[in-house]
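Okay, so here's the structure we're looking at.
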Number of protein chains: 2
Amino acid sequence: MNNLEFFRLKTREEVVALYPRFAPVGEEQIELSAALGRVLAVSIAAPEDVPAFLRASMDGYAVAAKDTFGASVGTPQYLEIKGEVPMGAAPARSVSPGETLRVPTGAMLPPGADAVVMVEYTAEHEGGTLEVRRPVAPGENVLHPGEDVARGEALFLAGSLLRPQEIGLLAALGCTRLTVYRKPRVAILSSGDEIIPLKQQPAPGQVRDSNAYLALAQVAQWGGVPQLRGIIPDDYAALQAALAAAAADADLILISGGSSVGARDLTLSAIRDLPGAALLVHGVAIRPGKPTILASLGAAAPKPLLGLPGHPASAAVVMEVLGRPLLARLSGRETGAAWGRTMTAALSRNLAGASGREDYVRVRLRPEGETLWADPVLGPSGLLSPLVKSDGLVMIPLGLEGLCKGEAVTVRLFGGS
Amino acid sequence: MNNLEFFRLKTREEVVALYPRFAPVGEEQIELSAALGRVLAVSIAAPEDVPAFLRASMDGYAVAAKDTFGASVGTPQYLEIKGEVPMGAAPARSVSPGETLRVPTGAMLPPGADAVVMVEYTAEHEGGTLEVRRPVAPGENVLHPGEDVARGEALFLAGSLLRPQEIGLLAALGCTRLTVYRKPRVAILSSGDEIIPLKQQPAPGQVRDSNAYLALAQVAQWGGVPQLRGIIPDDYAALQAALAAAAADADLILISGGSSVGARDLTLSAIRDLPGAALLVHGVAIRPGKPTILASLGAAAPKPLLGLPGHPASAAVVMEVLGRPLLARLSGRETGAAWGRTMTAALSRNLAGASGREDYVRVRLRPEGETLWADPVLGPSGLLSPLVKSDGLVMIPLGLEGLCKGEAVTVRLFGGS
């Protein structure tokens with residue numbers, strides 16, 4: 001147990017710089033109604049104008065704006081009402097000088113009209129005469145064809161995440177089927193002789209497989225499809241078989257390699273000896289999370305394997321800091337989209353950094369008057385409850401002695417994008 | 001068309017204060033692996049201790065701390081190595097004074113030991129003697145039974161949202177089935193004679209049903225189950241039939257009532273005349289979104305109906321500001337959980353408010369050096385593209401003339417919780 005392998009630690013940036021070697025997953029066609037949170041695999045240009053026609057944006061009267069010039073309460077202009085534009089159909093007639101048609105919001109303007117006078121600034125008189133008490137400018141209270149989106153306009157680039165507003169705009173354009181990246185399939189393997197299934201009552205020395213469930217939920221939150229592969233015994237052949245099976249049909253393999261050095265060493269050998277496998281990273285200069293592994297499995301279409309530390313808080317941080325950008329890469333997301341939301345807060349106490357490592361400290365956000373405080377939630381990384389009390393992470397950069405009380409810090413929030 | 005009903009505008013707070021009359025939806029049992037984003041319907045106390053036993057949090061040697069007192073590089077203490085604790089099992093023997101057992105991270109400490117000396121501060125000598133070069137305090141490098149969670153401890157209250165870390169902790173406790181609130185079923189009805197299905201090519205005056213898709217994605221993002229009920233013709237009987245059917249099996253009814261006053265009036269009558277219906281709100285003092293309707297359908301177990309404005313940006317804002325808290329109420333979420341994430345930014349230009357209404361302005365976030373700017377994204381509320389360019393909303397409070405350039409503002413971010 002004293003044969004601790006010398007860890008050649010890589011920085012977080014060095015690890016993330018390795019990700020482009022892994023290709024995004026393939027594409028699939030989906031319905032627009034299922035597109036929330038999906039990532040476009042092709043860029044989209046607008047196939048048509050939105051709106052497709054000159055449209056009233058207020059209830060009122062379609063007019064030629066010049067017919068209203070000079071109108072006021074004292075000296076109104078008078079127009080002849082020639083009927084009404086129906087909703088959902090072309091106007092039956094056009095508007096000539098001195099004429100107007102009633103027009104509801106959303107209806108098409110008749111030829112000859114270039115503006116809408118709002119109902120509030122008019123009065124209808126007997127005999128079909130409209131009194132206009134305020135002038136309108138050409139284009140007032142209307143939406144022009146292509147004003148929202150012009151035909152041919154580049155709308156969304158491949159790699160864009162689809163939010164409700166993108167989905168609404170695609171609906172307006174009639175894009176009912178989309179080409180998106182598949183959701184990456186993520187195999188989650190647990191190993192370690194002390195790990196037992198959730199339904200089992202732990203005997204002395206045993207613990208339940210909580211890390212797999214934490215990772216499962218993180219993967220789901222970040223747009224992957226988690227697959228629990230169960231608990232693999234601390235056995236070289238069993239580990240190799242399980243890894244090979246996972247690499248055959250998953251896009252990313254996560255393995256929680258047991259918390260002891262012995263279990264980790266075994267996992268490492270099993271990975272390294274797989275045909276076509278390359279160990280890329282063994283140890284990362286972050287705290288917690290030093291004993292992290294990144295490997296490439298398979299020669300033709302290499303798939304990433306991320307070996308997670310055994311302590312739950314370490315595993316959670318590694319997933320946030322390294323797993324999430326990896327999943328983003330596989331998902332086809334644009335670079336830079338990998339980090340979650342951040343927030344600026346004031347640190348509520350001094351924090352010492354970890355010499356030679358990026359230090360990730362759990363914090364809870366606490367608003368107090370005008371100030372948003374980030375309260376460090378301390379505790380050993382073997383515990384889950386400090387994570388439950390936290391809203392996000394604060395990073396103390398490499399080479400910094402620490403952060404001071406009151407300092408403005410960036411909090412990387414837990415959660416989806 | 002001039003018979004504009006006088007709107008007795010309610011403030012946003014007045015509208016939200018009506019929500020407690022609608023009961024949260026019923027409960028269901030789910031598997032822990034499907035619990036991400038769900039809301040607990042019952043409070044949970046820890047059924048057992050985590051950890052269940054005194055556990056090593058480092059690789060090293062299990063010792064009685066007092067056997068290491070005074071140890072240093074110059075004057076080490078010597079202990080007799082009596083074997084090793086296996087992973088996942090109880091130690092075969094205890095530790096007596098002057099003795100130690102090798103212990104891997106995560107393993108159980110033997111009786112008689114109360115700390116772990118890290119490998120780094122030891123050396124093993126031939127004949128099974130351990131040289132200890134640094135003292136440990138009692139409890140050092142170990143996790144105590146119940147240190148993460150103590151048996152009987154109140155863990156999560158009903159109404160809590162389940163994130164990955166909560167799921168991890170519940171896994172550690174063996175909670176594999178959970179009682180959560182059902183996801184509210186949200187019926188989405190579109191009306192308006194100008195509205196056509198997405199797959200149809202619009203004739204002059206027609207537009208596609210984009211608002212329904214925008215609402216669908218928002219509902220899904222906030223934890224509801226959207227059900228598209230299609231486009232209802234502007235016909236009193238058809239509207240009533242569709243509303244009654246939706247009220248029979250959905251928990252919340254959204255209706256996009258057409259953009260014209262005529263269509264809105266028709267929708268309003270159809271709602272009002274339904275048996276057991278009560279119109280609670282007709283007009284809200286927000287901009288955009290004034291022509292919003294809130295009604296209660298059915299007498300025994302009243303269900304909320306939210307009537308959305310026809311302009312897409314107005315509908316989106318009303319969903320954010322009024323729909324989301326309503327969905328949160330039905331989902332069983334704690335009060336205050338209804339608002340999404342917020343961020344503080346500096347406003348990049350002056351903004352005038354809407355007299356007598358809360359004003360919601362779309363903004364795009366733009367980091368520049370140390371400053372995060374909120375750039376207002378202006379444009380008519382009939383357009384979708386300004387929403388696509390935006391990251392969230394800034395609210396100009398009721399009664400405020402406006403906000404000034406450079407002022408710190410709270411940006412309510414679009415997205416999930």
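Every chain in the structure tokens has a letter given in the order shown (A, B, ...), and although residue numbers restart at 1 in each chain, ligands are simply numbered from 1 in the order shown.
Excluding Lys82 of chain B and any residue on its chain fewer than 2 positions from it, the residues at most 9 Å away by only C-alpha atoms are Glu80, Glu84, Arg93, Val95, Glu99, Thr100, Leu101, Arg102 and Gly128 of chain B.
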Give me a file of those residues, with N, CA and C atoms, as a PDB file, in the first residue's frame.
```
ATOM      1  N   GLU B  80       3.214  -1.812  16.498  1.00  0.00           N
ATOM      2  CA  GLU B  80       3.308  -3.142  15.905  1.00  0.00           C
ATOM      3  C   GLU B  80       2.168  -3.333  14.910  1.00  0.00           C
ATOM      4  N   GLU B  84      -4.258  -5.995   8.391  1.00  0.00           N
ATOM      5  CA  GLU B  84      -4.917  -4.992   7.571  1.00  0.00           C
ATOM      6  C   GLU B  84      -6.429  -5.141   7.665  1.00  0.00           C
ATOM      7  N   ARG B  93      -9.913  -8.004  14.033  1.00  0.00           N
ATOM      8  CA  ARG B  93      -9.415  -7.889  15.401  1.00  0.00           C
ATOM      9  C   ARG B  93      -9.420  -6.433  15.841  1.00  0.00           C
ATOM     10  N   VAL B  95      -7.483  -3.181  18.136  1.00  0.00           N
ATOM     11  CA  VAL B  95      -6.135  -2.632  18.303  1.00  0.00           C
ATOM     12  C   VAL B  95      -5.899  -2.360  19.794  1.00  0.00           C
ATOM     13  N   GLU B  99      -0.383  -1.088  19.202  1.00  0.00           N
ATOM     14  CA  GLU B  99      -0.658  -1.833  17.970  1.00  0.00           C
ATOM     15  C   GLU B  99      -1.317  -0.942  16.906  1.00  0.00           C
ATOM     16  N   THR B 100      -1.246  -1.437  15.677  1.00  0.00           N
ATOM     17  CA  THR B 100      -1.945  -0.739  14.580  1.00  0.00           C
ATOM     18  C   THR B 100      -2.347  -1.747  13.521  1.00  0.00           C
ATOM     19  N   LEU B 101      -3.341  -1.343  12.672  1.00  0.00           N
ATOM     20  CA  LEU B 101      -3.729  -2.135  11.498  1.00  0.00           C
ATOM     21  C   LEU B 101      -3.684  -1.219  10.289  1.00  0.00           C
ATOM     22  N   ARG B 102      -3.216  -1.734   9.169  1.00  0.00           N
ATOM     23  CA  ARG B 102      -3.313  -0.962   7.925  1.00  0.00           C
ATOM     24  C   ARG B 102      -4.789  -0.769   7.593  1.00  0.00           C
ATOM     25  N   GLY B 128       7.439  -6.032  10.767  1.00  0.00           N
ATOM     26  CA  GLY B 128       6.089  -5.556  11.073  1.00  0.00           C
ATOM     27  C   GLY B 128       6.045  -4.414  12.070  1.00  0.00           C
TER      28      GLY B 128
END
```
As an NGL selection string, list the residues of segment 148-180 of chain B assigned to alpha helix (DSSP H) by DSSP on the backbone atoms of this structure. :B and (164-172)
Which of B:Leu36, B:Ile44, B:Ala250, B:Leu413 sits closest to chain A [using only C-alpha atoms]: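 Smallest distance to chain A is found for B:Leu36.
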Which value, in Å to one decimal, gives the distance between atom CA of Ala172 of chain A and atom CA of Glu27 of chain A?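 Between atom CA of Ala172 of chain A and atom CA of Glu27 of chain A the gap works out to 23.6 Å.
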Could you tell me how far atom CA of Ala107 of chain B lies from atom CA of Ser210 of chain A, in Å and to one decimal?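 Straight-line distance from atom CA of Ala107 of chain B to atom CA of Ser210 of chain A works out to 16.0 Å.
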Go ahead and compute the interatomic distance for atom CA of Leu109 of chain A and atom CA of Val73 of chain A, in Å to one decimal. 25.4 Å
Within 7 Å of chain B: residues of chain A, using only C-alpha atoms, as a PyMOL selection string: chain A and resi 2+33+36+53+57+59+87-90+104-108+119+148-149+164-169+171-172+174+176+193-194+198-199+204-206+208-211+213-214+217-218+259-260+343+382-385+387-388
How would the residues just chosen look if you wrote them out with C-alpha atoms as an mmCIF file, in the first residue's frame?
```cif
data_model
loop_
_atom_site.group_PDB
_atom_site.id
_atom_site.type_symbol
_atom_site.label_atom_id
_atom_site.label_comp_id
_atom_site.auth_asym_id
_atom_site.auth_seq_id
_atom_site.Cartn_x
_atom_site.Cartn_y
_atom_site.Cartn_z
ATOM 1 C CA ASN A 2 3.026 2.236 0.208
ATOM 2 C CA SER A 33 -42.326 19.635 -29.327
ATOM 3 C CA LEU A 36 -36.296 21.733 -25.224
ATOM 4 C CA PHE A 53 -47.476 40.116 -44.331
ATOM 5 C CA SER A 57 -50.050 45.238 -33.848
ATOM 6 C CA ASP A 59 -56.719 47.127 -32.534
ATOM 7 C CA MET A 87 -58.869 37.784 -38.825
ATOM 8 C CA GLY A 88 -56.971 35.130 -40.694
ATOM 9 C CA ALA A 89 -57.816 36.232 -44.203
ATOM 10 C CA ALA A 90 -56.708 38.770 -46.779
ATOM 11 C CA PRO A 104 -58.047 43.872 -35.240
ATOM 12 C CA THR A 105 -54.607 43.166 -33.740
ATOM 13 C CA GLY A 106 -52.839 40.571 -35.797
ATOM 14 C CA ALA A 107 -54.837 41.072 -38.978
ATOM 15 C CA MET A 108 -53.390 41.902 -42.378
ATOM 16 C CA VAL A 119 -59.076 52.901 -31.198
ATOM 17 C CA ASP A 148 -39.152 39.485 -36.854
ATOM 18 C CA VAL A 149 -37.106 37.249 -39.121
ATOM 19 C CA PRO A 164 -38.422 28.067 -25.200
ATOM 20 C CA GLN A 165 -37.957 31.232 -27.256
ATOM 21 C CA GLU A 166 -35.954 29.440 -29.960
ATOM 22 C CA ILE A 167 -38.681 26.791 -30.060
ATOM 23 C CA GLY A 168 -41.333 29.493 -30.426
ATOM 24 C CA LEU A 169 -39.488 31.098 -33.310
ATOM 25 C CA ALA A 171 -42.682 27.102 -34.642
ATOM 26 C CA ALA A 172 -43.465 30.434 -36.306
ATOM 27 C CA GLY A 174 -42.989 25.934 -39.495
ATOM 28 C CA THR A 176 -41.482 20.927 -37.080
ATOM 29 C CA ASP A 193 -15.551 -4.119 -2.463
ATOM 30 C CA GLU A 194 -17.230 -1.967 0.168
ATOM 31 C CA LEU A 198 -29.124 0.702 -2.370
ATOM 32 C CA LYS A 199 -31.718 -1.861 -1.321
ATOM 33 C CA PRO A 204 -20.189 -3.242 9.122
ATOM 34 C CA GLY A 205 -17.695 -1.754 6.655
ATOM 35 C CA GLN A 206 -20.170 -1.535 3.784
ATOM 36 C CA ARG A 208 -24.373 2.073 -0.373
ATOM 37 C CA ASP A 209 -23.626 3.084 -3.956
ATOM 38 C CA SER A 210 -24.521 6.758 -3.522
ATOM 39 C CA ASN A 211 -21.906 8.176 -5.914
ATOM 40 C CA TYR A 213 -26.844 8.120 -8.119
ATOM 41 C CA LEU A 214 -25.271 11.516 -7.663
ATOM 42 C CA ALA A 217 -28.624 12.919 -11.629
ATOM 43 C CA GLN A 218 -25.814 15.246 -12.724
ATOM 44 C CA SER A 259 -11.878 5.065 -2.462
ATOM 45 C CA SER A 260 -8.770 3.125 -1.526
ATOM 46 C CA MET A 343 -23.103 34.664 -9.901
ATOM 47 C CA GLY A 382 -16.242 12.162 2.462
ATOM 48 C CA LEU A 383 -19.564 13.741 3.469
ATOM 49 C CA LEU A 384 -22.644 14.422 1.354
ATOM 50 C CA SER A 385 -24.514 16.788 3.668
ATOM 51 C CA LEU A 387 -23.091 19.491 -0.666
ATOM 52 C CA VAL A 388 -26.782 19.445 0.158
#
```
Using only C-alpha atoms, which residues sit within 10 Å of Gly353 of chain A once same-chain residues fewer than 6 positions away are excluded, as a PyMOL selection string? chain A and resi 287+359-361+395-403
